$ cat data39.cif   # mmCIF, C-alpha atoms
data_final
loop_
_atom_site.label_atom_id
_atom_site.label_comp_id
_atom_site.auth_asym_id
_atom_site.auth_seq_id
_atom_site.Cartn_x
_atom_site.Cartn_y
_atom_site.Cartn_z
CA MET W 25 -23.87 17.17 -24.69
CA TYR W 26 -22.33 13.93 -23.45
CA ALA W 27 -22.57 15.10 -19.82
CA GLU W 28 -26.25 15.90 -20.29
CA ALA W 29 -26.87 12.44 -21.74
CA GLU W 30 -25.17 10.89 -18.68
CA LYS W 31 -27.38 12.92 -16.35
CA ASP W 32 -30.52 11.87 -18.26
CA ALA W 33 -29.48 8.22 -17.99
CA MET W 34 -28.94 8.55 -14.24
CA LYS W 35 -32.32 10.22 -13.79
CA GLN W 36 -33.98 7.14 -15.34
CA ILE W 37 -32.64 4.97 -12.50
CA PRO W 38 -34.84 5.38 -9.39
CA GLU W 39 -33.14 6.57 -6.21
CA PRO W 40 -33.64 3.27 -4.28
CA SER W 41 -32.10 1.36 -7.20
CA ARG W 42 -29.18 3.77 -7.39
CA ARG W 43 -28.42 3.25 -3.71
CA ARG W 44 -28.52 -0.52 -4.09
CA LEU W 45 -26.35 -0.40 -7.21
CA VAL W 46 -23.71 1.66 -5.40
CA THR W 47 -23.66 -0.99 -2.66
CA LEU W 48 -23.52 -3.74 -5.27
CA ALA W 49 -20.55 -2.10 -7.01
CA ALA W 50 -18.67 -2.01 -3.70
CA LEU W 51 -19.58 -5.66 -3.10
CA LEU W 52 -18.37 -6.69 -6.55
CA SER W 53 -15.03 -4.93 -6.04
CA GLN W 54 -14.42 -7.28 -3.09
CA GLN W 55 -15.12 -10.51 -4.99
CA LYS W 56 -12.38 -12.97 -5.92
CA THR W 57 -14.49 -14.95 -8.39
CA GLU W 58 -15.06 -14.07 -12.05
CA ARG W 59 -18.83 -14.68 -11.99
CA ILE W 60 -21.59 -14.10 -9.48
CA THR W 61 -25.27 -15.12 -9.41
CA SER W 62 -28.31 -13.29 -8.12
CA VAL W 63 -28.60 -16.06 -5.52
CA THR W 64 -25.14 -15.20 -4.16
CA ILE W 65 -25.87 -11.47 -4.21
CA ALA W 66 -29.14 -12.07 -2.37
CA GLY W 67 -27.34 -14.09 0.28
CA LEU W 68 -24.74 -11.36 0.80
CA THR W 69 -27.12 -8.39 0.81
CA GLY W 70 -30.51 -9.66 1.98
CA TRP W 71 -32.21 -8.30 -1.16
CA SER W 72 -34.62 -10.50 -3.11
CA GLN W 73 -33.41 -12.06 -6.35
CA SER W 74 -36.19 -10.39 -8.32
CA LEU W 75 -35.17 -6.98 -6.95
CA ILE W 76 -31.54 -7.61 -7.85
CA ARG W 77 -32.41 -8.64 -11.41
CA ARG W 78 -34.68 -5.63 -11.81
CA ASP W 79 -31.93 -3.23 -10.69
CA ILE W 80 -29.41 -4.84 -13.03
CA SER W 81 -31.90 -4.65 -15.90
CA LEU W 82 -31.65 -0.85 -15.66
CA LEU W 83 -28.01 -1.02 -16.78
CA GLU W 84 -26.54 -1.09 -20.28
CA LEU W 85 -25.35 -4.65 -19.76
CA ARG W 86 -25.35 -7.16 -22.59
CA SER W 87 -24.84 -10.38 -20.68
CA GLY W 88 -26.74 -13.58 -20.13
CA VAL W 89 -27.71 -14.51 -16.58
CA SER W 90 -28.20 -18.27 -16.90
CA ASN W 91 -24.85 -18.91 -15.23
CA GLY W 92 -24.57 -15.62 -13.39
CA TYR W 93 -23.01 -12.26 -14.17
CA ASP W 94 -19.45 -11.47 -15.16
CA VAL W 95 -18.22 -9.64 -12.05
CA LYS W 96 -16.01 -7.12 -13.82
CA LYS W 97 -18.52 -6.35 -16.57
CA LEU W 98 -21.32 -5.87 -14.04
CA HIS W 99 -19.12 -3.66 -11.86
CA ASP W 100 -18.08 -1.55 -14.85
CA ALA W 101 -21.68 -1.27 -16.08
CA ILE W 102 -22.80 0.07 -12.70
CA CYS W 103 -19.95 2.59 -12.57
CA ALA W 104 -20.70 3.75 -16.11
CA ALA W 105 -24.45 4.08 -15.49
CA LEU W 106 -23.99 6.05 -12.27
CA ASN W 107 -20.89 7.95 -13.46
CA ILE W 108 -18.86 6.74 -10.50
CA ALA W 109 -15.48 5.05 -10.23
CA LEU W 110 -15.06 2.69 -7.30
CA GLY W 111 -11.88 0.76 -6.59
CA ALA W 112 -11.89 -2.43 -8.64
CA GLY W 113 -8.38 -3.79 -8.23
CA ASN W 114 -9.64 -7.32 -7.48
CA LEU W 115 -11.42 -7.40 -10.84
CA LYS W 116 -8.36 -6.98 -13.05
CA ASN W 117 -7.10 -10.15 -14.68
CA GLY W 118 -8.25 -12.30 -11.78
CA GLN W 119 -5.90 -10.55 -9.37
CA SER W 120 -6.47 -11.73 -5.82
CA GLN W 121 -7.63 -9.50 -3.02
CA THR W 122 -4.50 -10.20 -1.02
CA ALA W 123 -2.17 -9.26 -3.85
CA HIS W 124 -4.17 -6.14 -4.59
CA ALA W 125 -4.11 -5.06 -0.95
CA ALA W 126 -0.37 -5.55 -0.80
CA GLY W 127 0.11 -3.51 -3.98
CA ALA W 128 -2.16 -0.77 -2.72
CA GLY W 129 -0.27 -0.67 0.56
CA ALA W 130 3.03 -0.32 -1.24
CA GLN W 131 1.66 2.44 -3.45
CA SER W 132 0.22 4.22 -0.42
CA ALA W 133 3.56 4.02 1.35
CA THR W 134 5.28 5.46 -1.72
CA ASN W 135 2.87 8.22 -2.60
CA GLY W 136 1.56 8.97 0.88
CA ARG W 137 -1.89 9.97 -0.40
CA ALA W 138 -4.41 9.51 -3.21
CA ASN W 139 -3.93 11.00 -6.66
CA THR W 140 -5.81 14.30 -6.40
CA SER W 141 -5.64 14.98 -10.14
CA SER W 142 -8.36 12.43 -10.91
CA ALA W 143 -10.18 12.13 -7.58
CA HIS W 144 -13.22 14.12 -6.49
CA LYS W 145 -11.91 16.62 -3.96
CA CYS W 146 -13.58 16.79 -0.55
CA CYS W 147 -13.18 18.74 2.67
CA ILE W 148 -14.08 18.17 6.32
CA VAL W 149 -15.90 21.00 8.09
CA GLY W 150 -15.73 20.64 11.87
CA LEU W 151 -12.77 18.92 13.52
CA GLY W 152 -14.23 17.88 16.85
CA ARG W 153 -14.09 14.24 17.89
CA LEU W 154 -16.15 13.04 14.92
CA GLY W 155 -14.48 15.30 12.39
CA ALA W 156 -11.03 14.43 13.73
CA ALA W 157 -11.79 10.73 13.22
CA LEU W 158 -12.40 11.48 9.54
CA LEU W 159 -8.81 12.71 9.23
CA GLU W 160 -7.78 9.05 8.91
CA GLU W 161 -7.05 9.11 5.19
CA ARG W 162 -6.97 5.33 4.79
CA MET W 163 -10.77 5.19 4.93
CA PHE W 164 -10.79 6.92 1.53
CA CYS W 165 -8.26 4.59 -0.09
CA GLN W 166 -9.44 2.81 -3.23
CA SER W 167 -12.30 5.28 -3.62
CA PRO W 168 -12.88 8.07 -6.15
CA PHE W 169 -12.58 10.67 -3.37
CA CYS W 170 -9.69 12.54 -1.82
CA VAL W 171 -9.89 14.84 1.20
CA VAL W 172 -7.71 17.87 0.55
CA ALA W 173 -8.66 20.25 3.38
CA GLY W 174 -10.16 20.46 6.85
CA PHE W 175 -11.76 23.44 8.59
CA ASP W 176 -12.61 24.33 12.17
CA ALA W 177 -13.69 27.41 14.11
CA SER W 178 -10.89 26.72 16.60
CA VAL W 179 -7.56 27.91 15.25
CA ASN W 180 -5.82 25.96 18.02
CA ARG W 181 -7.46 22.74 16.87
CA THR W 182 -6.23 23.22 13.29
CA GLU W 183 -2.70 23.68 14.63
CA VAL W 184 -2.69 20.74 17.06
CA LEU W 185 -4.37 18.01 15.00
CA ARG W 186 -2.18 15.96 12.71
CA SER W 187 -3.23 15.37 9.13
CA THR W 188 -1.75 14.53 5.73
CA PHE W 189 -3.64 17.49 4.23
CA PRO W 190 -3.84 21.14 5.36
CA LEU W 191 -6.20 22.26 8.14
CA TYR W 192 -7.55 25.80 8.06
CA PRO W 193 -9.52 28.20 10.28
CA LEU W 194 -13.18 28.29 9.27
CA GLY W 195 -12.75 31.87 8.08
CA GLN W 196 -10.75 30.60 5.09
CA LEU W 197 -13.51 28.23 3.91
CA GLU W 198 -14.60 30.11 0.80
CA ALA W 199 -11.09 30.95 -0.40
CA VAL W 200 -9.71 27.42 0.01
CA ILE W 201 -12.72 25.70 -1.61
CA ALA W 202 -12.45 27.99 -4.63
CA ARG W 203 -8.68 27.57 -4.91
CA GLU W 204 -8.70 23.77 -4.54
CA GLY W 205 -11.80 23.12 -6.63
CA ILE W 206 -13.46 21.16 -3.82
CA GLU W 207 -16.73 19.44 -4.80
CA TYR W 208 -17.99 17.72 -1.65
CA ALA W 209 -17.99 18.41 2.08
CA LEU W 210 -18.23 16.24 5.18
CA LEU W 211 -20.10 18.34 7.74
CA ALA W 212 -19.34 17.54 11.41
CA VAL W 213 -19.78 20.90 13.14
CA PRO W 214 -21.83 21.41 16.34
CA GLU W 215 -25.53 21.35 15.49
CA SER W 216 -25.95 25.03 16.39
CA GLY W 217 -23.71 25.97 13.46
CA ALA W 218 -24.76 23.33 10.94
CA GLN W 219 -27.24 25.38 8.89
CA LEU W 220 -24.94 28.38 8.57
CA ALA W 221 -22.05 26.14 7.56
CA ALA W 222 -24.25 24.44 4.96
CA GLU W 223 -25.26 27.82 3.53
CA ARG W 224 -21.63 28.87 3.26
CA LEU W 225 -20.73 25.61 1.55
CA ALA W 226 -23.62 26.00 -0.90
CA SER W 227 -22.54 29.54 -1.73
CA CYS W 228 -19.09 28.17 -2.63
CA GLY W 229 -20.55 25.87 -5.26
CA ILE W 230 -20.23 22.64 -3.26
CA GLN W 231 -22.17 19.89 -5.05
CA GLY W 232 -22.94 17.67 -2.08
CA ILE W 233 -22.78 17.51 1.71
CA VAL W 234 -22.47 14.43 3.91
CA ASN W 235 -24.30 15.67 7.00
CA TYR W 236 -23.08 14.09 10.25
CA THR W 237 -25.38 16.32 12.32
CA ARG W 238 -29.05 15.69 13.13
CA VAL W 239 -30.04 19.08 11.71
CA VAL W 240 -32.31 18.94 8.66
CA LEU W 241 -30.37 21.23 6.33
CA THR W 242 -32.05 23.67 3.97
CA VAL W 243 -29.92 24.06 0.84
CA PRO W 244 -30.46 24.97 -2.84
CA GLN W 245 -31.64 22.24 -5.20
CA SER W 246 -28.18 22.22 -6.77
CA VAL W 247 -26.75 20.78 -3.54
CA THR W 248 -27.41 17.16 -2.55
CA VAL W 249 -27.41 16.23 1.14
CA GLU W 250 -26.70 12.74 2.44
CA ASN W 251 -27.70 12.49 6.11
CA ALA W 252 -25.26 10.27 7.97
CA ALA W 253 -25.71 11.19 11.64
CA PRO W 254 -25.55 8.00 13.75
CA VAL W 255 -28.88 8.76 15.46
CA THR W 256 -30.52 9.38 12.07
CA ALA W 257 -29.15 6.11 10.72
CA LEU W 258 -30.24 4.18 13.82
CA THR W 259 -33.73 5.71 13.62
CA ASN W 260 -33.98 4.60 10.00
CA LEU W 261 -33.01 1.08 11.07
CA LEU W 262 -35.64 1.16 13.81
CA ALA W 263 -38.29 2.33 11.38
CA ARG W 264 -37.44 -0.48 8.96
CA ALA W 265 -37.47 -3.05 11.75
CA ASN W 266 -40.97 -1.96 12.77
CA ILE W 267 -42.46 -2.42 9.29
#
$ encode --input "data39.cif" --output "structure tokens"
Amino acid sequence: MYAEAEKDAMKQIPEPSRRRLVTLAALLSQQKTERITSVTIAGLTGWSQSLIRRDISLLELRSGVSNGYDVKKLHDAICAALNIALGAGNLKNGQSQTAHAAGAGAQSATNGRANTSSAHKCCIVGLGRLGAALLEERMFCQSPFCVVAGFDASVNRTEVLRSTFPLYPLGQLEAVIAREGIEYALLAVPESGAQLAAERLASCGIQGIVNYTRVVLTVPQSVTVENAAPVTALTNLLARANI
């Protein structure tokens, strides 16, 4: 019942606003100050102040804006509304970014990897040059995600590449995803195999795919696709610049 209520609340926030709020949450987690104004946010993001205030008005946030927003309360309100959990170490008791980074580094050195018990488990499908670059686990530090497996059609590649998590032949995709409870996939296979790989991922119950190929994937409605191919992103920038 509670999960359904959360989903209904998220549906009431338009997609463009959700994307901006995710970016805003990441921005807030980097702030060293306790309060922030819409003027400051506008200067850092390029969004208009009216747009920022409208997005924030969609949140369950009981806070005056005459002298700005409480950074931690705003960050927490965004995370609660979108059911996400972004790293917010800088927001705790005024802790500085430098001290937080040092603490995170020490914890990383001790534990070696993120806590998979609470993180959303992800996998990388396709370990060519782009997929291999994603093996750098530090890019997922201080995020609610943890990569727990990688897959490639080349058995040799899975044996040669170094990673802090296991790498498997593509033939083991379904078994490993089911065993590990993987929710999301980063798709970086050659474009000729992208659709088939997406279909296999969907059949495993994967909730979302970050698509690093230019292929427009056809997947069930239960699977969300985020297109992140560099050419796609650059084309979107070009289209916005030409408005």
$ residues_around --input "data39.cif" --residues "Leu154 in chain W" --least-positions-apart "5" --cutoff "9 Å" --atoms "only C-alpha atoms" --output "ChimeraX atom specification"
/W:212-213,236
$ closest_residue --input "data39.cif" --among "W:Val172, W:Leu83, W:Leu211, W:Ile201" --to "Ile233 in chain W" --atoms "only C-alpha atoms"
W:Leu211
$ closest_residue --input "data39.cif" --among "W:Ala263, W:Ala252, W:Ile102, W:Val247" --to "Ile80 in chain W" --atoms "all atoms listed in the file"
W:Ile102
$ atom_distance --input "data39.cif" --atom1 "CA of Asn251 in chain W" --atom2 "CA of Arg181 in chain W"
25.1 Å
$ closest_residue --input "data39.cif" --among "W:Leu45, W:Val200, W:Ala253, W:Leu185" --to "Leu75 in chain W" --atoms "only C-alpha atoms"
W:Leu45
$ closest_residue --input "data39.cif" --among "W:Trp71, W:Asp94, W:Arg153, W:Leu82" --to "Lys56 in chain W" --atoms "only C-alpha atoms"
W:Asp94
$ atom_distance --input "data39.cif" --atom1 "CA of Leu68 in chain W" --atom2 "CA of Ala257 in chain W"
20.6 Å
$ residues_around --input "data39.cif" --residues "Val171 in chain W" --least-positions-apart "5" --cutoff "6 Å" --atoms "only C-alpha atoms" --output "VMD selection string"
chain W and resid 145 to 147
$ resolve_selection --input "data39.cif" --expression "the PyMOL selection byres ((chain W and resi 246) around 10)" --output "number ranges by chain"
W: 226, 229-232, 243-245, 247-249
$ residues_around --input "data39.cif" --residues "Gln219 in chain W" --least-positions-apart "5" --cutoff "8 Å" --atoms "all atoms listed in the file" --output "PyMOL selection string"
chain W and resi 239+241-242
$ atom_distance --input "data39.cif" --atom1 "CA of Ala157 in chain W" --atom2 "CA of Phe175 in chain W"
13.5 Å
$ resolve_selection --input "data39.cif" --expression "the PyMOL selection byres ((chain W and resi 159) around 10)" --output "CSV table (one decimal) with C-alpha atoms, in the frame of the given file"
chain,number,residue,atom,x,y,z
W,147,CYS,CA,-13.2,18.7,2.7
W,148,ILE,CA,-14.1,18.2,6.3
W,151,LEU,CA,-12.8,18.9,13.5
W,154,LEU,CA,-16.2,13.0,14.9
W,155,GLY,CA,-14.5,15.3,12.4
W,156,ALA,CA,-11.0,14.4,13.7
W,157,ALA,CA,-11.8,10.7,13.2
W,158,LEU,CA,-12.4,11.5,9.5
W,160,GLU,CA,-7.8,9.0,8.9
W,161,GLU,CA,-7.0,9.1,5.2
W,162,ARG,CA,-7.0,5.3,4.8
W,163,MET,CA,-10.8,5.2,4.9
W,164,PHE,CA,-10.8,6.9,1.5
W,171,VAL,CA,-9.9,14.8,1.2
W,173,ALA,CA,-8.7,20.2,3.4
W,174,GLY,CA,-10.2,20.5,6.8
W,185,LEU,CA,-4.4,18.0,15.0
W,186,ARG,CA,-2.2,16.0,12.7
W,187,SER,CA,-3.2,15.4,9.1
W,188,THR,CA,-1.8,14.5,5.7
W,189,PHE,CA,-3.6,17.5,4.2
W,191,LEU,CA,-6.2,22.3,8.1
$ residues_near_point --input "data39.cif" --point "(-6.0, 26.8, 13.5)" --cutoff "7 Å" --atoms "only C-alpha atoms" --output "list in words"
Ser178, Val179, Asn180, Arg181, Thr182, Glu183, Tyr192 and Pro193 of chain W
$ resolve_selection --input "data39.cif" --expression "the PyMOL selection byres ((chain W and resi 98) around 9)" --output "list in words"
Ala49, Leu52, Ile80, Leu83, Leu85, Ser87, Tyr93, Asp94, Val95, Lys96, Lys97, His99, Asp100, Ala101, Ile102 and Cys103 of chain W
$ closest_residue --input "data39.cif" --among "W:Ile206, W:Leu261, W:Leu106, W:Ala177" --to "Ala143 in chain W" --atoms "all atoms listed in the file"
W:Ile206
$ closest_residue --input "data39.cif" --among "W:Gly92, W:Arg42, W:Gln36, W:Thr237" --to "Ser62 in chain W" --atoms "only C-alpha atoms"
W:Gly92
